[in-house]
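Chemist: The file below is input23.pdb, PDB, C-alpha atoms:
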MODEL        1
ATOM      1  CA  MET A   1      -0.589  65.006 248.472  1.00  0.00           C
ATOM      2  CA  SER A   2      -1.376  66.095 244.922  1.00  0.00           C
ATOM      3  CA  ILE A   3      -4.771  65.948 243.236  1.00  0.00           C
ATOM      4  CA  ASP A   4      -3.414  62.966 241.339  1.00  0.00           C
ATOM      5  CA  GLU A   5      -3.411  60.873 244.459  1.00  0.00           C
ATOM      6  CA  THR A   6      -6.553  60.016 246.361  1.00  0.00           C
ATOM      7  CA  ARG A   7      -6.665  58.158 249.599  1.00  0.00           C
ATOM      8  CA  ASN A   8      -9.387  57.017 251.954  1.00  0.00           C
ATOM      9  CA  GLU A   9      -9.646  54.440 254.711  1.00  0.00           C
ATOM     10  CA  THR A  10      -9.486  51.546 252.303  1.00  0.00           C
ATOM     11  CA  ALA A  11      -7.612  52.657 249.201  1.00  0.00           C
ATOM     12  CA  LEU A  12      -4.801  54.673 247.726  1.00  0.00           C
ATOM     13  CA  VAL A  13      -5.225  55.487 244.031  1.00  0.00           C
ATOM     14  CA  LYS A  14      -2.395  57.074 242.102  1.00  0.00           C
ATOM     15  CA  ALA A  15      -2.390  58.505 238.591  1.00  0.00           C
ATOM     16  CA  VAL A  16       0.805  57.947 236.619  1.00  0.00           C
ATOM     17  CA  HIS A  17       2.200  60.941 234.746  1.00  0.00           C
ATOM     18  CA  GLN A  18       5.893  60.315 235.212  1.00  0.00           C
ATOM     19  CA  ALA A  19       8.208  57.502 236.223  1.00  0.00           C
ATOM     20  CA  SER A  20       8.412  58.740 239.805  1.00  0.00           C
ATOM     21  CA  ASP A  21       4.668  58.086 240.186  1.00  0.00           C
ATOM     22  CA  LEU A  22       5.571  54.407 240.230  1.00  0.00           C
ATOM     23  CA  ALA A  23       8.043  54.675 243.099  1.00  0.00           C
ATOM     24  CA  LYS A  24       5.555  53.842 245.834  1.00  0.00           C
ATOM     25  CA  LEU A  25       4.130  50.979 243.777  1.00  0.00           C
ATOM     26  CA  GLN A  26       7.606  49.612 243.210  1.00  0.00           C
ATOM     27  CA  GLY A  27       8.221  49.845 246.942  1.00  0.00           C
ATOM     28  CA  ILE A  28       5.116  47.838 247.814  1.00  0.00           C
ATOM     29  CA  ILE A  29       5.662  45.023 245.338  1.00  0.00           C
ATOM     30  CA  SER A  30       9.370  44.759 246.078  1.00  0.00           C
ATOM     31  CA  GLY A  31       8.255  42.704 249.086  1.00  0.00           C
ATOM     32  CA  ILE A  32       8.149  39.597 246.896  1.00  0.00           C
ATOM     33  CA  GLY A  33      11.888  39.876 246.276  1.00  0.00           C
ATOM     34  CA  GLY A  34      13.614  36.867 247.765  1.00  0.00           C
ATOM     35  CA  GLU A  35      10.326  35.018 248.233  1.00  0.00           C
ATOM     36  CA  ARG A  36       9.703  31.572 246.794  1.00  0.00           C
ATOM     37  CA  CYS A  37       7.324  31.137 243.871  1.00  0.00           C
ATOM     38  CA  TRP A  38       5.968  27.681 244.659  1.00  0.00           C
ATOM     39  CA  ASP A  39       3.085  27.421 242.217  1.00  0.00           C
ATOM     40  CA  ALA A  40       2.254  28.658 238.726  1.00  0.00           C
ATOM     41  CA  TYR A  41      -1.057  27.747 237.093  1.00  0.00           C
ATOM     42  CA  LEU A  42      -3.903  28.989 234.948  1.00  0.00           C
ATOM     43  CA  SER A  43      -7.005  30.151 236.739  1.00  0.00           C
ATOM     44  CA  TYR A  44     -10.337  30.956 235.083  1.00  0.00           C
ATOM     45  CA  ALA A  45     -10.065  32.594 231.659  1.00  0.00           C
ATOM     46  CA  GLU A  46      -6.472  31.365 231.405  1.00  0.00           C
ATOM     47  CA  GLU A  47      -5.338  33.913 233.947  1.00  0.00           C
ATOM     48  CA  LEU A  48      -1.722  33.224 234.843  1.00  0.00           C
ATOM     49  CA  SER A  49      -1.535  32.928 238.606  1.00  0.00           C
ATOM     50  CA  LEU A  50       1.480  32.646 240.872  1.00  0.00           C
ATOM     51  CA  GLU A  51       1.519  31.642 244.528  1.00  0.00           C
ATOM     52  CA  ILE A  52       4.408  33.242 246.357  1.00  0.00           C
ATOM     53  CA  GLY A  53       5.806  33.232 249.891  1.00  0.00           C
ATOM     54  CA  GLU A  54       4.273  31.379 252.809  1.00  0.00           C
ATOM     55  CA  ARG A  55       1.951  28.477 251.927  1.00  0.00           C
ATOM     56  CA  ILE A  56      -1.452  28.997 253.541  1.00  0.00           C
ATOM     57  CA  PRO A  57      -4.110  26.257 253.380  1.00  0.00           C
ATOM     58  CA  TYR A  58      -7.626  27.400 252.581  1.00  0.00           C
ATOM     59  CA  PRO A  59      -9.824  26.530 255.588  1.00  0.00           C
ATOM     60  CA  GLN A  60     -12.948  26.338 253.423  1.00  0.00           C
ATOM     61  CA  LYS A  61     -14.194  22.903 252.360  1.00  0.00           C
ATOM     62  CA  VAL A  62     -15.020  24.235 248.913  1.00  0.00           C
ATOM     63  CA  MET A  63     -11.274  24.880 248.463  1.00  0.00           C
ATOM     64  CA  HIS A  64     -10.312  21.530 249.999  1.00  0.00           C
ATOM     65  CA  GLY A  65      -6.684  20.578 249.495  1.00  0.00           C
ATOM     66  CA  LYS A  66      -5.697  23.926 248.044  1.00  0.00           C
ATOM     67  CA  GLU A  67      -3.208  26.412 249.394  1.00  0.00           C
ATOM     68  CA  HIS A  68      -2.546  30.008 248.523  1.00  0.00           C
ATOM     69  CA  GLY A  69       0.515  32.129 248.931  1.00  0.00           C
ATOM     70  CA  SER A  70       0.945  34.974 251.360  1.00  0.00           C
ATOM     71  CA  TRP A  71       1.489  36.857 248.088  1.00  0.00           C
ATOM     72  CA  MET A  72      -0.757  35.994 245.113  1.00  0.00           C
ATOM     73  CA  PHE A  73      -0.190  37.282 241.609  1.00  0.00           C
ATOM     74  CA  GLY A  74      -2.690  37.377 238.736  1.00  0.00           C
ATOM     75  CA  SER A  75      -2.249  38.473 235.101  1.00  0.00           C
ATOM     76  CA  ARG A  76      -5.924  39.432 234.730  1.00  0.00           C
ATOM     77  CA  GLY A  77      -6.123  38.326 231.106  1.00  0.00           C
ATOM     78  CA  THR A  78      -3.348  40.661 229.965  1.00  0.00           C
ATOM     79  CA  ALA A  79      -0.809  39.358 227.439  1.00  0.00           C
ATOM     80  CA  TRP A  80       2.391  37.970 228.885  1.00  0.00           C
ATOM     81  CA  GLU A  81       5.660  36.354 227.830  1.00  0.00           C
ATOM     82  CA  LEU A  82       8.014  34.067 229.715  1.00  0.00           C
ATOM     83  CA  THR A  83      11.539  34.228 228.362  1.00  0.00           C
ATOM     84  CA  SER A  84      14.924  32.758 229.120  1.00  0.00           C
ATOM     85  CA  ALA A  85      18.122  34.442 227.956  1.00  0.00           C
ATOM     86  CA  ASN A  86      15.965  36.713 225.773  1.00  0.00           C
ATOM     87  CA  SER A  87      14.489  33.682 224.042  1.00  0.00           C
ATOM     88  CA  LEU A  88      10.731  33.166 224.209  1.00  0.00           C
ATOM     89  CA  TRP A  89       9.793  30.067 226.211  1.00  0.00           C
ATOM     90  CA  VAL A  90       6.008  30.433 226.342  1.00  0.00           C
ATOM     91  CA  SER A  91       3.454  33.210 226.073  1.00  0.00           C
ATOM     92  CA  SER A  92      -0.245  33.871 226.537  1.00  0.00           C
ATOM     93  CA  ASP A  93      -0.590  33.315 222.783  1.00  0.00           C
ATOM     94  CA  ASP A  94       0.295  29.645 223.105  1.00  0.00           C
ATOM     95  CA  GLU A  95      -2.245  26.870 223.442  1.00  0.00           C
ATOM     96  CA  GLU A  96      -3.611  26.274 226.917  1.00  0.00           C
ATOM     97  CA  ASP A  97      -2.088  22.815 227.313  1.00  0.00           C
ATOM     98  CA  VAL A  98       1.326  24.124 226.263  1.00  0.00           C
ATOM     99  CA  ILE A  99       1.082  26.994 228.717  1.00  0.00           C
ATOM    100  CA  ARG A 100       0.092  24.719 231.591  1.00  0.00           C
ATOM    101  CA  GLN A 101       3.103  22.536 230.978  1.00  0.00           C
ATOM    102  CA  LYS A 102       5.704  25.212 230.263  1.00  0.00           C
ATOM    103  CA  ILE A 103       4.917  27.541 233.158  1.00  0.00           C
ATOM    104  CA  GLN A 104       5.966  24.777 235.504  1.00  0.00           C
ATOM    105  CA  VAL A 105       9.525  25.953 234.874  1.00  0.00           C
ATOM    106  CA  ILE A 106       9.097  28.833 237.329  1.00  0.00           C
ATOM    107  CA  LYS A 107       7.699  26.671 240.105  1.00  0.00           C
ATOM    108  CA  ASP A 108       9.988  26.365 243.106  1.00  0.00           C
ATOM    109  CA  THR A 109      12.142  29.303 242.174  1.00  0.00           C
ATOM    110  CA  THR A 110      12.941  32.473 244.060  1.00  0.00           C
ATOM    111  CA  ILE A 111      11.953  35.885 242.788  1.00  0.00           C
ATOM    112  CA  THR A 112      15.109  37.866 242.250  1.00  0.00           C
ATOM    113  CA  GLY A 113      13.851  40.909 240.385  1.00  0.00           C
ATOM    114  CA  ILE A 114      10.690  43.052 240.236  1.00  0.00           C
ATOM    115  CA  ASP A 115      10.349  46.003 237.907  1.00  0.00           C
ATOM    116  CA  VAL A 116       7.352  48.097 236.878  1.00  0.00           C
ATOM    117  CA  ARG A 117       8.034  50.102 233.758  1.00  0.00           C
ATOM    118  CA  TYR A 118       6.848  53.559 232.838  1.00  0.00           C
ATOM    119  CA  PRO A 119       4.653  54.464 231.018  1.00  0.00           C
ATOM    120  CA  ASP A 120       2.793  51.245 230.174  1.00  0.00           C
ATOM    121  CA  LEU A 121       2.921  49.621 233.637  1.00  0.00           C
ATOM    122  CA  ASP A 122       4.607  46.556 232.198  1.00  0.00           C
ATOM    123  CA  LEU A 123       5.652  44.249 235.015  1.00  0.00           C
ATOM    124  CA  ILE A 124       8.865  42.256 234.768  1.00  0.00           C
ATOM    125  CA  LEU A 125       9.490  39.460 237.271  1.00  0.00           C
ATOM    126  CA  THR A 126      12.839  37.689 237.256  1.00  0.00           C
ATOM    127  CA  PHE A 127      13.246  34.219 238.739  1.00  0.00           C
ATOM    128  CA  SER A 128      16.286  32.568 240.255  1.00  0.00           C
ATOM    129  CA  ASN A 129      16.630  30.187 237.302  1.00  0.00           C
ATOM    130  CA  GLY A 130      17.026  33.124 234.923  1.00  0.00           C
ATOM    131  CA  TYR A 131      13.523  33.108 233.452  1.00  0.00           C
ATOM    132  CA  GLN A 132      11.733  36.423 233.127  1.00  0.00           C
ATOM    133  CA  LEU A 133       7.984  36.960 233.104  1.00  0.00           C
ATOM    134  CA  ALA A 134       6.763  40.126 231.385  1.00  0.00           C
ATOM    135  CA  ILE A 135       3.163  41.304 231.695  1.00  0.00           C
ATOM    136  CA  LEU A 136       2.585  43.458 228.638  1.00  0.00           C
ATOM    137  CA  PRO A 137      -0.540  45.646 228.652  1.00  0.00           C
ATOM    138  CA  THR A 138      -1.753  47.080 225.357  1.00  0.00           C
ATOM    139  CA  GLU A 139      -4.216  49.832 224.496  1.00  0.00           C
ATOM    140  CA  ASP A 140      -6.851  47.161 223.858  1.00  0.00           C
ATOM    141  CA  ASP A 141      -6.757  46.296 227.549  1.00  0.00           C
ATOM    142  CA  ASP A 142      -8.119  49.737 228.336  1.00  0.00           C
ATOM    143  CA  ASP A 143     -11.436  48.734 226.781  1.00  0.00           C
ATOM    144  CA  TYR A 144     -12.199  46.733 229.918  1.00  0.00           C
ATOM    145  CA  ASP A 145     -12.536  47.787 233.522  1.00  0.00           C
ATOM    146  CA  VAL A 146     -10.048  45.126 234.537  1.00  0.00           C
ATOM    147  CA  ALA A 147      -6.572  45.711 235.955  1.00  0.00           C
ATOM    148  CA  TYR A 148      -3.515  44.862 233.845  1.00  0.00           C
ATOM    149  CA  TRP A 149      -2.213  42.775 236.725  1.00  0.00           C
ATOM    150  CA  GLU A 150      -2.720  42.385 240.446  1.00  0.00           C
ATOM    151  CA  LEU A 151      -0.770  41.337 243.506  1.00  0.00           C
ATOM    152  CA  PHE A 152      -2.287  40.359 246.835  1.00  0.00           C
ATOM    153  CA  THR A 153      -0.024  41.118 249.781  1.00  0.00           C
ATOM    154  CA  PRO A 154       0.384  39.302 253.122  1.00  0.00           C
ATOM    155  CA  ASP A 155      -1.450  42.066 254.982  1.00  0.00           C
ATOM    156  CA  LYS A 156      -4.717  41.536 253.093  1.00  0.00           C
ATOM    157  CA  MET A 157      -4.132  44.347 250.645  1.00  0.00           C
ATOM    158  CA  ILE A 158      -4.196  44.248 246.861  1.00  0.00           C
ATOM    159  CA  VAL A 159      -2.131  46.198 244.355  1.00  0.00           C
ATOM    160  CA  GLU A 160      -3.822  46.710 240.985  1.00  0.00           C
ATOM    161  CA  ALA A 161      -2.095  48.296 237.998  1.00  0.00           C
ATOM    162  CA  GLY A 162      -4.286  49.819 235.309  1.00  0.00           C
ATOM    163  CA  PRO A 163      -6.378  49.963 233.324  1.00  0.00           C
ATOM    164  CA  GLY A 164      -4.977  53.209 232.022  1.00  0.00           C
ATOM    165  CA  ALA A 165      -2.297  55.253 233.687  1.00  0.00           C
ATOM    166  CA  THR A 166      -3.236  54.519 237.271  1.00  0.00           C
ATOM    167  CA  TRP A 167      -2.533  52.084 240.042  1.00  0.00           C
ATOM    168  CA  SER A 168      -4.192  51.396 243.365  1.00  0.00           C
ATOM    169  CA  TYR A 169      -3.450  49.839 246.718  1.00  0.00           C
ATOM    170  CA  SER A 170      -6.563  48.820 248.595  1.00  0.00           C
ATOM    171  CA  ARG A 171      -7.984  46.402 251.109  1.00  0.00           C
ATOM    172  CA  ALA A 172      -8.682  42.946 249.679  1.00  0.00           C
ATOM    173  CA  ASP A 173     -11.484  42.268 252.143  1.00  0.00           C
ATOM    174  CA  ILE A 174     -13.873  44.999 251.031  1.00  0.00           C
ATOM    175  CA  PRO A 175     -16.844  43.743 248.978  1.00  0.00           C
ATOM    176  CA  LEU A 176     -16.404  44.731 245.355  1.00  0.00           C
ATOM    177  CA  ASN A 177     -19.851  46.285 245.247  1.00  0.00           C
ATOM    178  CA  LEU A 178     -18.802  48.676 248.012  1.00  0.00           C
ATOM    179  CA  LYS A 179     -15.473  49.633 246.491  1.00  0.00           C
ATOM    180  CA  ASN A 180     -15.447  53.050 244.940  1.00  0.00           C
ATOM    181  CA  LYS A 181     -12.451  52.914 242.680  1.00  0.00           C
ATOM    182  CA  PRO A 182     -12.184  56.029 240.540  1.00  0.00           C
ATOM    183  CA  SER A 183     -12.285  55.281 236.845  1.00  0.00           C
ATOM    184  CA  LYS A 184      -9.110  55.713 234.823  1.00  0.00           C
ATOM    185  CA  GLY A 185      -7.843  59.232 234.568  1.00  0.00           C
ATOM    186  CA  SER A 186      -9.924  60.548 237.400  1.00  0.00           C
ATOM    187  CA  ALA A 187      -7.517  59.740 240.201  1.00  0.00           C
TER     188      ALA A 187
ATOM    189  CA  MET B   1       0.002  40.678 219.915  1.00  0.00           C
ATOM    190  CA  SER B   2      -2.601  38.057 220.756  1.00  0.00           C
ATOM    191  CA  LYS B   3      -3.291  35.494 218.068  1.00  0.00           C
ATOM    192  CA  ARG B   4      -5.704  33.529 220.202  1.00  0.00           C
ATOM    193  CA  LYS B   5      -8.978  34.387 221.844  1.00  0.00           C
ATOM    194  CA  ARG B   6      -8.764  37.399 224.115  1.00  0.00           C
ATOM    195  CA  HIS B   7      -9.566  36.508 227.687  1.00  0.00           C
ATOM    196  CA  LYS B   8     -10.167  39.970 229.071  1.00  0.00           C
ATOM    197  CA  PRO B   9     -13.941  39.740 228.400  1.00  0.00           C
ATOM    198  CA  ASP B  10     -14.122  36.461 230.326  1.00  0.00           C
ATOM    199  CA  VAL B  11     -12.203  37.954 233.235  1.00  0.00           C
ATOM    200  CA  ARG B  12     -14.537  40.947 233.156  1.00  0.00           C
ATOM    201  CA  GLN B  13     -17.573  38.677 233.195  1.00  0.00           C
ATOM    202  CA  ALA B  14     -16.350  36.768 236.252  1.00  0.00           C
ATOM    203  CA  ASP B  15     -15.530  40.082 237.938  1.00  0.00           C
ATOM    204  CA  ARG B  16     -19.054  41.279 237.234  1.00  0.00           C
ATOM    205  CA  VAL B  17     -20.496  38.168 238.866  1.00  0.00           C
ATOM    206  CA  ALA B  18     -18.223  38.675 241.879  1.00  0.00           C
ATOM    207  CA  GLN B  19     -19.340  42.273 242.140  1.00  0.00           C
ATOM    208  CA  ILE B  20     -23.039  41.422 241.919  1.00  0.00           C
ATOM    209  CA  LEU B  21     -22.665  38.814 244.643  1.00  0.00           C
ATOM    210  CA  GLY B  22     -20.689  41.150 246.890  1.00  0.00           C
ATOM    211  CA  MET B  23     -17.493  39.127 246.912  1.00  0.00           C
ATOM    212  CA  ASP B  24     -14.308  40.826 248.030  1.00  0.00           C
ATOM    213  CA  THR B  25     -11.174  40.569 245.895  1.00  0.00           C
ATOM    214  CA  ALA B  26      -9.763  37.645 247.886  1.00  0.00           C
ATOM    215  CA  GLU B  27     -13.035  35.752 247.403  1.00  0.00           C
ATOM    216  CA  ARG B  28     -13.062  36.692 243.721  1.00  0.00           C
ATOM    217  CA  LYS B  29      -9.557  35.252 243.391  1.00  0.00           C
ATOM    218  CA  ALA B  30     -10.613  31.969 245.020  1.00  0.00           C
ATOM    219  CA  PHE B  31     -13.743  31.894 242.857  1.00  0.00           C
ATOM    220  CA  GLY B  32     -11.620  32.081 239.713  1.00  0.00           C
ATOM    221  CA  ARG B  33      -9.692  29.075 240.874  1.00  0.00           C
ATOM    222  CA  HIS B  34     -12.911  27.255 241.743  1.00  0.00           C
ATOM    223  CA  ILE B  35     -14.427  27.855 238.296  1.00  0.00           C
ATOM    224  CA  GLU B  36     -11.327  26.540 236.592  1.00  0.00           C
ATOM    225  CA  ASP B  37     -11.502  23.483 238.817  1.00  0.00           C
ATOM    226  CA  GLN B  38     -15.011  22.815 237.581  1.00  0.00           C
ATOM    227  CA  LYS B  39     -13.716  22.577 234.027  1.00  0.00           C
ATOM    228  CA  VAL B  40     -10.754  20.431 235.040  1.00  0.00           C
ATOM    229  CA  HIS B  41     -13.245  18.019 236.612  1.00  0.00           C
ATOM    230  CA  GLY B  42     -15.362  17.903 233.476  1.00  0.00           C
ATOM    231  CA  ASN B  43     -18.083  20.323 234.542  1.00  0.00           C
ATOM    232  CA  PHE B  44     -18.307  22.543 231.481  1.00  0.00           C
ATOM    233  CA  GLY B  45     -20.631  25.376 230.672  1.00  0.00           C
ATOM    234  CA  SER B  46     -23.046  25.512 227.767  1.00  0.00           C
ATOM    235  CA  GLY B  47     -21.228  28.354 225.975  1.00  0.00           C
ATOM    236  CA  ASP B  48     -18.630  28.179 223.212  1.00  0.00           C
ATOM    237  CA  GLU B  49     -15.824  25.693 223.920  1.00  0.00           C
ATOM    238  CA  GLY B  50     -17.483  24.746 227.197  1.00  0.00           C
ATOM    239  CA  ASP B  51     -17.353  28.262 228.595  1.00  0.00           C
ATOM    240  CA  PHE B  52     -19.806  29.187 231.285  1.00  0.00           C
ATOM    241  CA  THR B  53     -22.506  31.663 230.382  1.00  0.00           C
ATOM    242  CA  PHE B  54     -23.100  34.667 232.609  1.00  0.00           C
ATOM    243  CA  ASP B  55     -26.125  32.999 234.215  1.00  0.00           C
ATOM    244  CA  GLU B  56     -24.158  29.810 234.816  1.00  0.00           C
ATOM    245  CA  LEU B  57     -21.341  31.801 236.397  1.00  0.00           C
ATOM    246  CA  LEU B  58     -23.815  33.601 238.587  1.00  0.00           C
ATOM    247  CA  ALA B  59     -25.299  30.316 239.809  1.00  0.00           C
ATOM    248  CA  LEU B  60     -21.822  28.877 240.405  1.00  0.00           C
ATOM    249  CA  GLY B  61     -20.842  32.038 242.243  1.00  0.00           C
ATOM    250  CA  GLU B  62     -23.845  31.926 244.562  1.00  0.00           C
ATOM    251  CA  GLU B  63     -23.171  28.320 245.456  1.00  0.00           C
ATOM    252  CA  PHE B  64     -19.454  28.940 245.888  1.00  0.00           C
ATOM    253  CA  LEU B  65     -19.848  32.001 248.085  1.00  0.00           C
ATOM    254  CA  ASP B  66     -22.362  30.286 250.329  1.00  0.00           C
ATOM    255  CA  GLU B  67     -19.969  27.400 250.954  1.00  0.00           C
ATOM    256  CA  TYR B  68     -16.874  29.605 251.176  1.00  0.00           C
ATOM    257  CA  ARG B  69     -18.300  31.939 253.793  1.00  0.00           C
ATOM    258  CA  ARG B  70     -19.796  29.110 255.808  1.00  0.00           C
ATOM    259  CA  ASP B  71     -16.260  27.976 256.674  1.00  0.00           C
ATOM    260  CA  SER B  72     -14.605  31.392 256.878  1.00  0.00           C
TER     261      SER B  72
ENDMDL
END
Now that the file is in, can you turn its structure into structure tokens?

Modeler:
Amino acid sequence: MSIDETRNETALVKAVHQASDLAKLQGIISGIGGERCWDAYLSYAEELSLEIGERIPYPQKVMHGKEHGSWMFGSRGTAWELTSANSLWVSSDDEEDVIRQKIQVIKDTTITGIDVRYPDLDLILTFSNGYQLAILPTEDDDDYDVAYWELFTPDKMIVEAGPGATWSYSRADIPLNLKNKPSKGSA
Amino acid sequence: MSKRKRHKPDVRQADRVAQILGMDTAERKAFGRHIEDQKVHGNFGSGDEGDFTFDELLALGEEFLDEYRRDS
């Protein structure tokens, strides 16, 4: 293990200096390949959220009637574009009502492609109907201690890319005030 | 590339509330959905464009977490 990778009981944090530093990340998120994306919606702060895989009802009354996926994706306020045949269909720059309506196009599709790109940690998801979702971090996103994007996995883990040239894989059931995620560049 | 309001600060604010209240990331994710539901059901905040202020988010978060954990 290099000094650019830290690991403890709850987290793996990896600095990204070269494309191969994304290999493990790519391996983890490739699990959504072939899974069904059955919901696409905006969460708080217009965060694009996707529910993927098995449908799991929330047992809590406060979440009555809602389900989540065994995989859950969130754009974390980072800019994104949804395209079809290289033509822009909708993006995070569009009005909220337009976004809510147009993202329905990726509901009930299968995820056929997952690609994280070096060096910016762009994420490209391809859907079975040909649409492609690109999460496109910019330097401005590094002004906030918020990931570029995140993916919850079926085994109660969370993958977070960014901010900065780093990604992490950690338990999703650890209180945030007890998490000790190294700041960018210190991994 | 963004022409509209940047949402990163709002995401950061909700994250801060989640951190203060000791939510885990799965709870923080559900909280984000819950807040949005409030707006969909006409329960807006007192900030610009109906946004919730930090104090309003904190109060919502306390109430949410209490109910969420009661059934977990």

Chemist: Rank B:Gln38, B:Gln13, B:Asn43, B:Ser72 by their smallest atom-to-atom distance to chain A, using all atoms listed in the file, and report the top residue only.

Modeler: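 Under the stated criterion, the closest residue is B:Ser72.
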
Chemist: Quick check on the file I pasted: which residues fall under the ChimeraX specification (/B :<6) & /A? Write them as a short mmCIF file (atom, residue, chain, number, x, y, z; two decimals) with C-alpha atoms, in the frame of the given file.

Modeler:
data_model
loop_
_atom_site.label_atom_id
_atom_site.label_comp_id
_atom_site.auth_asym_id
_atom_site.auth_seq_id
_atom_site.Cartn_x
_atom_site.Cartn_y
_atom_site.Cartn_z
CA SER A 43 -7.00 30.15 236.74
CA TYR A 44 -10.34 30.96 235.08
CA ALA A 45 -10.06 32.59 231.66
CA GLN A 60 -12.95 26.34 253.42
CA GLY A 77 -6.12 38.33 231.11
CA ASP A 93 -0.59 33.32 222.78
CA ALA A 172 -8.68 42.95 249.68
CA ASP A 173 -11.48 42.27 252.14
CA ILE A 174 -13.87 45.00 251.03
CA PRO A 175 -16.84 43.74 248.98
CA LEU A 176 -16.40 44.73 245.36
CA ASN A 177 -19.85 46.28 245.25
#

Chemist: Please evaluate the PyMOL selection byres ((chain A and resi 155-167) around 8) against the structure above and give the resulting residues as an MDAnalysis selection string.

Modeler: (chainID A and resid 13:17 25 29 119:121 141:142 144:154 168:173 184:185 187) or (chainID B and resid 25)

Chemist: Selected residues, C-alpha atoms, written as a PDB file, in the frame of the given file, please.

Modeler:
ATOM      1  CA  VAL A  13      -5.225  55.487 244.031  1.00  0.00           C
ATOM      2  CA  LYS A  14      -2.395  57.074 242.102  1.00  0.00           C
ATOM      3  CA  ALA A  15      -2.390  58.505 238.591  1.00  0.00           C
ATOM      4  CA  VAL A  16       0.805  57.947 236.619  1.00  0.00           C
ATOM      5  CA  HIS A  17       2.200  60.941 234.746  1.00  0.00           C
ATOM      6  CA  LEU A  25       4.130  50.979 243.777  1.00  0.00           C
ATOM      7  CA  ILE A  29       5.662  45.023 245.338  1.00  0.00           C
ATOM      8  CA  PRO A 119       4.653  54.464 231.018  1.00  0.00           C
ATOM      9  CA  ASP A 120       2.793  51.245 230.174  1.00  0.00           C
ATOM     10  CA  LEU A 121       2.921  49.621 233.637  1.00  0.00           C
ATOM     11  CA  ASP A 141      -6.757  46.296 227.549  1.00  0.00           C
ATOM     12  CA  ASP A 142      -8.119  49.737 228.336  1.00  0.00           C
ATOM     13  CA  TYR A 144     -12.199  46.733 229.918  1.00  0.00           C
ATOM     14  CA  ASP A 145     -12.536  47.787 233.522  1.00  0.00           C
ATOM     15  CA  VAL A 146     -10.048  45.126 234.537  1.00  0.00           C
ATOM     16  CA  ALA A 147      -6.572  45.711 235.955  1.00  0.00           C
ATOM     17  CA  TYR A 148      -3.515  44.862 233.845  1.00  0.00           C
ATOM     18  CA  TRP A 149      -2.213  42.775 236.725  1.00  0.00           C
ATOM     19  CA  GLU A 150      -2.720  42.385 240.446  1.00  0.00           C
ATOM     20  CA  LEU A 151      -0.770  41.337 243.506  1.00  0.00           C
ATOM     21  CA  PHE A 152      -2.287  40.359 246.835  1.00  0.00           C
ATOM     22  CA  THR A 153      -0.024  41.118 249.781  1.00  0.00           C
ATOM     23  CA  PRO A 154       0.384  39.302 253.122  1.00  0.00           C
ATOM     24  CA  SER A 168      -4.192  51.396 243.365  1.00  0.00           C
ATOM     25  CA  TYR A 169      -3.450  49.839 246.718  1.00  0.00           C
ATOM     26  CA  SER A 170      -6.563  48.820 248.595  1.00  0.00           C
ATOM     27  CA  ARG A 171      -7.984  46.402 251.109  1.00  0.00           C
ATOM     28  CA  ALA A 172      -8.682  42.946 249.679  1.00  0.00           C
ATOM     29  CA  ASP A 173     -11.484  42.268 252.143  1.00  0.00           C
ATOM     30  CA  LYS A 184      -9.110  55.713 234.823  1.00  0.00           C
ATOM     31  CA  GLY A 185      -7.843  59.232 234.568  1.00  0.00           C
ATOM     32  CA  ALA A 187      -7.517  59.740 240.201  1.00  0.00           C
TER      33      ALA A 187
ATOM     34  CA  THR B  25     -11.174  40.569 245.895  1.00  0.00           C
TER      35      THR B  25
END

Chemist: Nearest residue to Tyr41 (chain A) out of A:Gln26, A:Ser20, A:Ser128, A:Gln101, using only C-alpha atoms?

Modeler: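 Comparing A:Gln26, A:Ser20, A:Ser128, A:Gln101 against Tyr41 (chain A), the winner is A:Gln101.
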
Chemist: Can you work out the spacing between CA of Ile52 (chain A) and CA of Trp71 (chain A) in Å, to one decimal?

Modeler: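 Distance between the two atoms: 5.0 Å.
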